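Enquirer: The structure file run_7.pdb (PDB, C-alpha atoms, pLDDT in the B column) is provided below.
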```
ATOM      1  CA  ASP A 173      -4.565   8.568 -18.980  1.00 97.00           C
ATOM      2  CA  ALA A 174      -2.443   8.532 -15.808  1.00 98.00           C
ATOM      3  CA  VAL A 175       1.125   7.730 -14.788  1.00 98.00           C
ATOM      4  CA  VAL A 176       1.715   6.589 -11.201  1.00 97.00           C
ATOM      5  CA  CYS A 177       5.292   6.874  -9.961  1.00 95.00           C
ATOM      6  CA  GLY A 178       5.957   4.201  -7.348  1.00 94.00           C
ATOM      7  CA  ALA A 179       4.687   0.609  -7.076  1.00 94.00           C
ATOM      8  CA  GLY A 180       4.407   0.386  -3.299  1.00 92.00           C
ATOM      9  CA  ALA A 181       1.089   0.147  -1.473  1.00 91.00           C
ATOM     10  CA  GLY A 182       0.201   3.790  -2.203  1.00 92.00           C
ATOM     11  CA  GLY A 183       1.050   3.575  -5.907  1.00 95.00           C
ATOM     12  CA  LEU A 184      -0.723   0.267  -6.493  1.00 96.00           C
ATOM     13  CA  ALA A 185      -3.792   1.449  -4.569  1.00 96.00           C
ATOM     14  CA  SER A 186      -3.799   4.650  -6.657  1.00 96.00           C
ATOM     15  CA  ALA A 187      -3.649   2.544  -9.826  1.00 97.00           C
ATOM     16  CA  HIS A 188      -6.635   0.475  -8.626  1.00 95.00           C
ATOM     17  CA  ALA A 189      -8.662   3.596  -7.842  1.00 95.00           C
ATOM     18  CA  LEU A 190      -7.845   5.215 -11.199  1.00 97.00           C
ATOM     19  CA  ARG A 191      -8.627   1.980 -13.066  1.00 95.00           C
ATOM     20  CA  ALA A 192     -11.998   1.862 -11.281  1.00 93.00           C
ATOM     21  CA  LEU A 193     -12.693   5.305 -12.779  1.00 95.00           C
ATOM     22  CA  GLY A 194     -12.120   3.851 -16.249  1.00 96.00           C
ATOM     23  CA  LEU A 195      -8.637   5.285 -16.783  1.00 97.00           C
ATOM     24  CA  ARG A 196      -5.682   3.580 -18.452  1.00 98.00           C
ATOM     25  CA  VAL A 197      -2.769   3.660 -15.995  1.00 98.00           C
ATOM     26  CA  LEU A 198       0.989   3.202 -16.264  1.00 98.00           C
ATOM     27  CA  VAL A 199       2.764   2.418 -12.963  1.00 97.00           C
ATOM     28  CA  LEU A 200       6.536   3.039 -12.897  1.00 97.00           C
ATOM     29  CA  ASP A 201       8.922   1.880 -10.180  1.00 95.00           C
ATOM     30  CA  LYS A 202      12.693   2.293  -9.987  1.00 93.00           C
ATOM     31  CA  GLN A 203      13.225  -1.112  -8.338  1.00 92.00           C
ATOM     32  CA  PRO A 204      13.600  -3.942 -10.889  1.00 92.00           C
ATOM     33  CA  ARG A 205      11.604  -6.207  -8.538  1.00 90.00           C
ATOM     34  CA  MET A 206       9.906  -5.937  -5.172  1.00 84.00           C
ATOM     35  CA  ARG A 207      12.466  -6.144  -2.405  1.00 81.00           C
ATOM     36  CA  PRO A 208      11.759  -8.348   0.597  1.00 80.00           C
ATOM     37  CA  VAL A 209      10.930  -6.290   3.668  1.00 77.00           C
ATOM     38  CA  ALA A 210      10.704  -7.976   7.063  1.00 75.00           C
ATOM     39  CA  LYS A 211       7.362  -6.546   8.098  1.00 78.00           C
ATOM     40  CA  GLY A 212       3.764  -7.506   8.276  1.00 79.00           C
ATOM     41  CA  GLU A 213       0.691  -5.352   8.012  1.00 86.00           C
ATOM     42  CA  VAL A 214      -2.584  -5.262   9.899  1.00 89.00           C
ATOM     43  CA  LEU A 215      -5.358  -3.998   7.632  1.00 93.00           C
ATOM     44  CA  GLN A 216      -8.259  -2.216   9.305  1.00 93.00           C
ATOM     45  CA  PRO A 217     -11.964  -2.662   8.355  1.00 95.00           C
ATOM     46  CA  GLY A 218     -12.108   0.577   6.328  1.00 94.00           C
ATOM     47  CA  ALA A 219      -9.162  -0.493   4.171  1.00 95.00           C
ATOM     48  CA  LEU A 220     -10.631  -3.986   3.856  1.00 96.00           C
ATOM     49  CA  ARG A 221     -13.888  -2.554   2.466  1.00 95.00           C
ATOM     50  CA  VAL A 222     -11.901  -0.954  -0.365  1.00 95.00           C
ATOM     51  CA  LEU A 223      -9.762  -4.065  -0.909  1.00 95.00           C
ATOM     52  CA  ARG A 224     -12.951  -6.155  -1.012  1.00 95.00           C
ATOM     53  CA  ARG A 225     -14.330  -4.042  -3.889  1.00 93.00           C
ATOM     54  CA  TRP A 226     -11.094  -4.614  -5.829  1.00 93.00           C
ATOM     55  CA  GLY A 227     -11.032  -8.376  -5.130  1.00 93.00           C
ATOM     56  CA  THR A 228      -7.764  -8.014  -3.202  1.00 95.00           C
ATOM     57  CA  GLU A 229      -9.145  -9.133   0.167  1.00 95.00           C
ATOM     58  CA  ARG A 230     -10.143 -12.482  -1.387  1.00 95.00           C
ATOM     59  CA  LEU A 231      -6.622 -12.936  -2.812  1.00 96.00           C
ATOM     60  CA  LEU A 232      -5.070 -12.153   0.580  1.00 96.00           C
ATOM     61  CA  GLU A 233      -7.285 -14.656   2.376  1.00 95.00           C
ATOM     62  CA  GLN A 234      -6.529 -17.311  -0.244  1.00 96.00           C
ATOM     63  CA  ARG A 235      -2.819 -16.691   0.438  1.00 95.00           C
ATOM     64  CA  GLY A 236      -3.085 -17.260   4.178  1.00 94.00           C
ATOM     65  CA  GLY A 237      -4.212 -13.908   5.553  1.00 93.00           C
ATOM     66  CA  VAL A 238      -5.117 -14.130   9.231  1.00 90.00           C
ATOM     67  CA  ARG A 239      -8.398 -12.639  10.442  1.00 91.00           C
ATOM     68  CA  LEU A 240      -8.099 -10.987  13.838  1.00 90.00           C
ATOM     69  CA  GLY A 241     -11.200 -10.179  15.868  1.00 90.00           C
ATOM     70  CA  ARG A 242      -9.673  -8.134  18.695  1.00 89.00           C
ATOM     71  CA  LEU A 243      -6.821  -5.712  19.201  1.00 87.00           C
ATOM     72  CA  VAL A 244      -5.657  -5.834  22.812  1.00 86.00           C
ATOM     73  CA  VAL A 245      -3.129  -3.441  24.356  1.00 85.00           C
ATOM     74  CA  ARG A 246      -1.380  -5.181  27.233  1.00 82.00           C
ATOM     75  CA  ALA A 247       0.866  -4.183  30.113  1.00 84.00           C
ATOM     76  CA  PRO A 248       4.345  -5.816  30.214  1.00 82.00           C
ATOM     77  CA  ALA A 249       2.965  -8.580  32.457  1.00 82.00           C
ATOM     78  CA  GLY A 250       0.264  -9.360  29.882  1.00 79.00           C
ATOM     79  CA  THR A 251      -2.661  -7.773  31.697  1.00 84.00           C
ATOM     80  CA  PRO A 252      -5.120  -6.252  29.188  1.00 85.00           C
ATOM     81  CA  LEU A 253      -5.214  -2.456  29.395  1.00 89.00           C
ATOM     82  CA  MET A 254      -7.600  -1.870  26.494  1.00 90.00           C
ATOM     83  CA  ALA A 255      -9.396  -4.072  23.989  1.00 90.00           C
ATOM     84  CA  LEU A 256     -10.964  -3.145  20.663  1.00 90.00           C
ATOM     85  CA  ASP A 257     -13.519  -5.838  19.885  1.00 92.00           C
ATOM     86  CA  TYR A 258     -14.129  -5.795  16.146  1.00 92.00           C
ATOM     87  CA  GLY A 259     -16.887  -8.383  16.559  1.00 90.00           C
ATOM     88  CA  ARG A 260     -19.119  -5.531  17.739  1.00 92.00           C
ATOM     89  CA  LEU A 261     -18.874  -3.711  14.405  1.00 93.00           C
ATOM     90  CA  PRO A 262     -21.435  -4.068  11.584  1.00 93.00           C
ATOM     91  CA  GLU A 263     -21.428  -7.261   9.521  1.00 92.00           C
ATOM     92  CA  GLY A 264     -18.527  -7.317   7.060  1.00 88.00           C
ATOM     93  CA  ASP A 265     -16.310  -5.122   9.259  1.00 93.00           C
ATOM     94  CA  ARG A 266     -15.821  -7.507  12.180  1.00 93.00           C
ATOM     95  CA  TRP A 267     -12.148  -8.294  11.691  1.00 92.00           C
ATOM     96  CA  LEU A 268      -8.687  -7.036  10.889  1.00 92.00           C
ATOM     97  CA  LEU A 269      -6.599  -8.907   8.339  1.00 93.00           C
ATOM     98  CA  SER A 270      -2.911  -9.518   8.925  1.00 91.00           C
ATOM     99  CA  HIS A 271      -0.456 -10.478   6.204  1.00 92.00           C
ATOM    100  CA  ASP A 272       3.094 -10.113   4.967  1.00 91.00           C
ATOM    101  CA  HIS A 273       3.910  -6.786   3.288  1.00 91.00           C
ATOM    102  CA  LEU A 274       5.120  -8.338   0.007  1.00 93.00           C
ATOM    103  CA  THR A 275       2.086 -10.610  -0.218  1.00 94.00           C
ATOM    104  CA  ILE A 276      -0.142  -7.536   0.041  1.00 94.00           C
ATOM    105  CA  LEU A 277       1.813  -5.817  -2.757  1.00 94.00           C
ATOM    106  CA  ASP A 278       1.629  -8.989  -4.906  1.00 94.00           C
ATOM    107  CA  ALA A 279      -2.146  -9.222  -4.409  1.00 95.00           C
ATOM    108  CA  LEU A 280      -2.610  -5.530  -5.243  1.00 95.00           C
ATOM    109  CA  ALA A 281      -0.514  -5.891  -8.406  1.00 94.00           C
ATOM    110  CA  GLU A 282      -2.234  -9.114  -9.513  1.00 92.00           C
ATOM    111  CA  GLY A 283      -5.710  -7.623  -9.393  1.00 88.00           C
ATOM    112  CA  LEU A 284      -4.970  -4.522 -11.479  1.00 94.00           C
ATOM    113  CA  GLY A 285      -6.424  -5.808 -14.733  1.00 91.00           C
ATOM    114  CA  PRO A 286      -5.588  -5.186 -18.390  1.00 95.00           C
ATOM    115  CA  THR A 287      -5.900  -1.383 -18.364  1.00 97.00           C
ATOM    116  CA  VAL A 288      -2.987  -1.034 -15.923  1.00 97.00           C
ATOM    117  CA  GLU A 289       0.625  -1.688 -16.882  1.00 97.00           C
ATOM    118  CA  VAL A 290       3.355  -1.974 -14.239  1.00 97.00           C
ATOM    119  CA  ARG A 291       6.945  -1.362 -15.389  1.00 97.00           C
ATOM    120  CA  ARG A 292       9.786  -2.021 -12.988  1.00 96.00           C
ATOM    121  CA  GLY A 293      13.376  -0.820 -13.268  1.00 96.00           C
ATOM    122  CA  VAL A 294      12.271   2.591 -14.541  1.00 96.00           C
ATOM    123  CA  LEU A 295      13.749   5.673 -12.840  1.00 94.00           C
ATOM    124  CA  VAL A 296      11.537   8.752 -12.879  1.00 94.00           C
ATOM    125  CA  GLU A 297      13.995  11.634 -13.382  1.00 92.00           C
ATOM    126  CA  GLU A 298      11.718  14.677 -13.360  1.00 91.00           C
ATOM    127  CA  ALA A 299       8.269  16.054 -14.015  1.00 92.00           C
ATOM    128  CA  LEU A 300       7.487  17.440 -17.467  1.00 94.00           C
ATOM    129  CA  ARG A 301       5.697  20.778 -17.581  1.00 93.00           C
ATOM    130  CA  ASP A 302       3.916  22.838 -20.197  1.00 95.00           C
ATOM    131  CA  GLY A 303       4.376  26.595 -20.695  1.00 95.00           C
ATOM    132  CA  SER A 304       2.038  27.395 -17.792  1.00 95.00           C
ATOM    133  CA  GLY A 305       3.930  25.116 -15.353  1.00 90.00           C
ATOM    134  CA  ARG A 306       1.295  22.378 -15.330  1.00 91.00           C
ATOM    135  CA  VAL A 307       2.715  18.843 -14.994  1.00 91.00           C
ATOM    136  CA  THR A 308       2.118  16.913 -18.218  1.00 94.00           C
ATOM    137  CA  GLY A 309       4.035  13.706 -17.502  1.00 95.00           C
ATOM    138  CA  VAL A 310       7.501  12.516 -16.499  1.00 95.00           C
ATOM    139  CA  ALA A 311      10.966  12.043 -17.980  1.00 96.00           C
ATOM    140  CA  VAL A 312      12.274   8.557 -17.226  1.00 96.00           C
ATOM    141  CA  THR A 313      15.326   6.379 -17.735  1.00 96.00           C
ATOM    142  CA  GLU A 314      14.828   2.697 -18.501  1.00 96.00           C
ATOM    143  CA  GLY A 315      17.614   0.349 -19.549  1.00 94.00           C
ATOM    144  CA  GLY A 316      19.966   3.275 -20.131  1.00 94.00           C
ATOM    145  CA  ARG A 317      17.476   5.020 -22.456  1.00 97.00           C
ATOM    146  CA  ARG A 318      15.873   8.320 -21.470  1.00 97.00           C
ATOM    147  CA  TYR A 319      12.384   9.094 -22.774  1.00 97.00           C
ATOM    148  CA  GLU A 320       9.214  11.003 -21.882  1.00 97.00           C
ATOM    149  CA  VAL A 321       5.867   9.682 -20.722  1.00 97.00           C
ATOM    150  CA  HIS A 322       3.002  12.147 -21.261  1.00 97.00           C
ATOM    151  CA  ALA A 323      -0.230  11.868 -19.275  1.00 97.00           C
ATOM    152  CA  PRO A 324      -2.894  14.326 -18.100  1.00 96.00           C
ATOM    153  CA  LEU A 325      -2.521  13.018 -14.536  1.00 96.00           C
ATOM    154  CA  THR A 326       0.736  12.253 -12.718  1.00 95.00           C
ATOM    155  CA  VAL A 327       0.674  10.695  -9.234  1.00 94.00           C
ATOM    156  CA  ALA A 328       3.790  10.890  -7.059  1.00 91.00           C
ATOM    157  CA  ALA A 329       3.655   7.760  -4.894  1.00 89.00           C
ATOM    158  CA  ASP A 330       7.406   7.283  -4.779  1.00 83.00           C
ATOM    159  CA  GLY A 331       8.052   7.579  -1.073  1.00 80.00           C
ATOM    160  CA  ILE A 332       9.417  10.097   1.381  1.00 77.00           C
ATOM    161  CA  SER A 333      12.320  11.064  -0.904  1.00 77.00           C
ATOM    162  CA  SER A 334      10.044  11.747  -3.899  1.00 82.00           C
ATOM    163  CA  ARG A 335      11.685  13.898  -6.561  1.00 79.00           C
ATOM    164  CA  LEU A 336       8.269  14.736  -7.986  1.00 82.00           C
ATOM    165  CA  ARG A 337       6.866  15.955  -4.696  1.00 81.00           C
ATOM    166  CA  ARG A 338       9.944  18.118  -4.091  1.00 80.00           C
ATOM    167  CA  ALA A 339       9.713  19.521  -7.633  1.00 76.00           C
ATOM    168  CA  ALA A 340       6.067  20.444  -6.946  1.00 75.00           C
ATOM    169  CA  GLY A 341       7.075  22.216  -3.737  1.00 76.00           C
ATOM    170  CA  ILE A 342       5.316  19.739  -1.455  1.00 78.00           C
ATOM    171  CA  ASP A 343       7.330  19.189   1.709  1.00 79.00           C
ATOM    172  CA  ALA A 344       7.320  15.807   3.405  1.00 77.00           C
ATOM    173  CA  ARG A 345       9.046  15.447   6.738  1.00 79.00           C
ATOM    174  CA  ARG A 346       9.915  12.021   8.117  1.00 78.00           C
ATOM    175  CA  VAL A 347       8.732  11.477  11.696  1.00 80.00           C
ATOM    176  CA  ASP A 348       9.780   8.256  13.397  1.00 79.00           C
ATOM    177  CA  TYR A 349       7.640   6.454  15.932  1.00 71.00           C
ATOM    178  CA  PRO A 350       8.985   6.866  19.469  1.00 72.00           C
ATOM    179  CA  HIS A 351       8.667   3.086  19.937  1.00 66.00           C
ATOM    180  CA  ARG A 352       9.214  -0.174  18.100  1.00 65.00           C
ATOM    181  CA  LEU A 353       7.009  -3.242  17.944  1.00 62.00           C
ATOM    182  CA  VAL A 354       7.932  -6.878  17.627  1.00 62.00           C
ATOM    183  CA  SER A 355       5.443  -9.681  17.130  1.00 62.00           C
ATOM    184  CA  PHE A 356       5.248 -13.205  18.489  1.00 63.00           C
ATOM    185  CA  ASP A 357       2.813 -16.051  18.031  1.00 63.00           C
ATOM    186  CA  LEU A 358       1.789 -17.161  21.526  1.00 65.00           C
ATOM    187  CA  ALA A 359       0.691 -20.739  21.975  1.00 66.00           C
ATOM    188  CA  GLY A 360      -2.368 -21.141  24.153  1.00 64.00           C
ATOM    189  CA  ALA A 361      -3.533 -17.521  23.775  1.00 63.00           C
ATOM    190  CA  PRO A 362      -6.905 -16.909  25.491  1.00 63.00           C
ATOM    191  CA  ARG A 363      -8.491 -16.177  22.117  1.00 67.00           C
ATOM    192  CA  PRO A 364      -6.870 -17.218  18.824  1.00 66.00           C
ATOM    193  CA  ASP A 365      -8.227 -14.118  17.078  1.00 69.00           C
ATOM    194  CA  ASP A 366      -6.509 -11.677  19.503  1.00 74.00           C
ATOM    195  CA  PHE A 367      -3.881  -9.292  18.240  1.00 73.00           C
ATOM    196  CA  SER A 368      -1.984  -8.013  21.282  1.00 72.00           C
ATOM    197  CA  ALA A 369       0.324  -5.017  21.548  1.00 67.00           C
TER     198      ALA A 369
END
```
Spell out the structure here as structure tokens.

Expert:
Amino acid sequence: DAVVCGAGAGGLASAHALRALGLRVLVLDKQPRMRPVAKGEVLQPGALRVLRRWGTERLLEQRGGVRLGRLVVRAPAGTPLMALDYGRLPEGDRWLLSHDHLTILDALAEGLGPTVEVRRGVLVEEALRDGSGRVTGVAVTEGGRRYEVHAPLTVAADGISSRLRRAAGIDARRVDYPHRLVSFDLAGAPRPDDFSA
């Protein structure tokens, strides 16, 4: 029913959402396996509500996800400048969840269920169109063989350099943050559930 191009967080989340609508989904990714990326993620309560419905939050907590109750912005000397206390939110939304990027992708992929197939090492070459210009699927190359995948819905979740998005005339411009963050575990922190920036 749907082909999702890209098996990152956006593609896997799209597959979950489409599966929840009762659709059969094929997820294609050009990478033969997930590549290690040295980054962690902090998931906010709104995202956690969705992940909870899919069973992904439970998988992340089983795999060592860290609940954080406060986000504190600090001056260079460590003085708090601003604190977001998630404990003041409604029940069920009182924390952030922090985990490794690849663990999040693994948990998303594991919970997809039998109506979603993920194929890695498949390069999406171009969108297929009917006589009116409507996208009807994608042309792909897998193992040196080129073939077509037809589906009424095609989702381009293949990153900033997406061929599909460009072919559809959708511009995406990369904008870098003007700063970088690094994280440390601080022994003896005032509150163990603080996340400080």

Enquirer: Which residues, protein or nucleic acid, reach to within 10 Å of (-11.5, -1.3, -12.7) in the file's coordinates when using only C-alpha atoms, and can you give that as a list in words?

Expert: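 Residues lying no farther than 10 Å from the given point: Ala187, His188, Ala189, Leu190, Arg191, Ala192, Leu193, Gly194, Leu195, Arg196, Arg225, Trp226, Gly283, Leu284, Gly285, Pro286, Thr287 and Val288 of chain A.
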
Enquirer: Figure out the distance between atom CA of A:Leu200 and atom CA of A:Leu295, please, to one decimal in Å.

Expert: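 These two atoms are separated by 7.7 Å.
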
Enquirer: Using the chain letters and numbers from this file, what does the PyMOL selection byres ((chain A and resi 290) around 7) select? Give the answer as a list of chain:residue names.

Expert: A:Leu198, A:Val199, A:Leu200, A:Val288, A:Glu289, A:Arg291, A:Arg292

Enquirer: Please compute the atom CA of A:Arg230-atom CA of A:Trp267 distance, one decimal, in Å.

Expert: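 That distance, rounded to one decimal, is 13.9 Å.
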
Enquirer: Identify which of the residues A:Leu231, A:Ala210, A:Ala323, A:Ala219 lies closest to A:Leu280, counting all atoms listed in the file when measuring atom-to-atom distances.

Expert: A:Leu231

Enquirer: Interatomic distance between atom CA of A:Gly180 and atom CA of A:Asp265?

Expert: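 Spanning atom CA of A:Gly180 to atom CA of A:Asp265 is a straight-line distance of 24.8 Å.
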
Enquirer: Which neighbours of stretch 298-310 of chain A fall inside 7 Å, counting all atoms listed in the file, when residues of the same chain fewer than 4 positions from it are skipped, and could you give them as a list in words?

Expert: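 Residues meeting the cut-off are Glu320, Val321, His322, Ala323, Pro324, Thr326, Arg335 and Leu336 of chain A.
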
Enquirer: So that I have them on file, write out the residues from the current selection with C-alpha atoms, as an mmCIF file, keeping the file's coordinate frame.

Expert:
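Ended up saving to result22.cif:
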```cif
data_model
loop_
_atom_site.group_PDB
_atom_site.id
_atom_site.type_symbol
_atom_site.label_atom_id
_atom_site.label_comp_id
_atom_site.auth_asym_id
_atom_site.auth_seq_id
_atom_site.Cartn_x
_atom_site.Cartn_y
_atom_site.Cartn_z
ATOM 1 C CA GLU A 320 9.214 11.003 -21.882
ATOM 2 C CA VAL A 321 5.867 9.682 -20.722
ATOM 3 C CA HIS A 322 3.002 12.147 -21.261
ATOM 4 C CA ALA A 323 -0.230 11.868 -19.275
ATOM 5 C CA PRO A 324 -2.894 14.326 -18.100
ATOM 6 C CA THR A 326 0.736 12.253 -12.718
ATOM 7 C CA ARG A 335 11.685 13.898 -6.561
ATOM 8 C CA LEU A 336 8.269 14.736 -7.986
#
```

Enquirer: Could you tell me which residues the PyMOL selection byres ((chain A and resi 207) around 12) grabs in this file, written as a ChimeraX atom specification?

Expert: /A:179-180,201-206,208-211,273-275,277-278,292
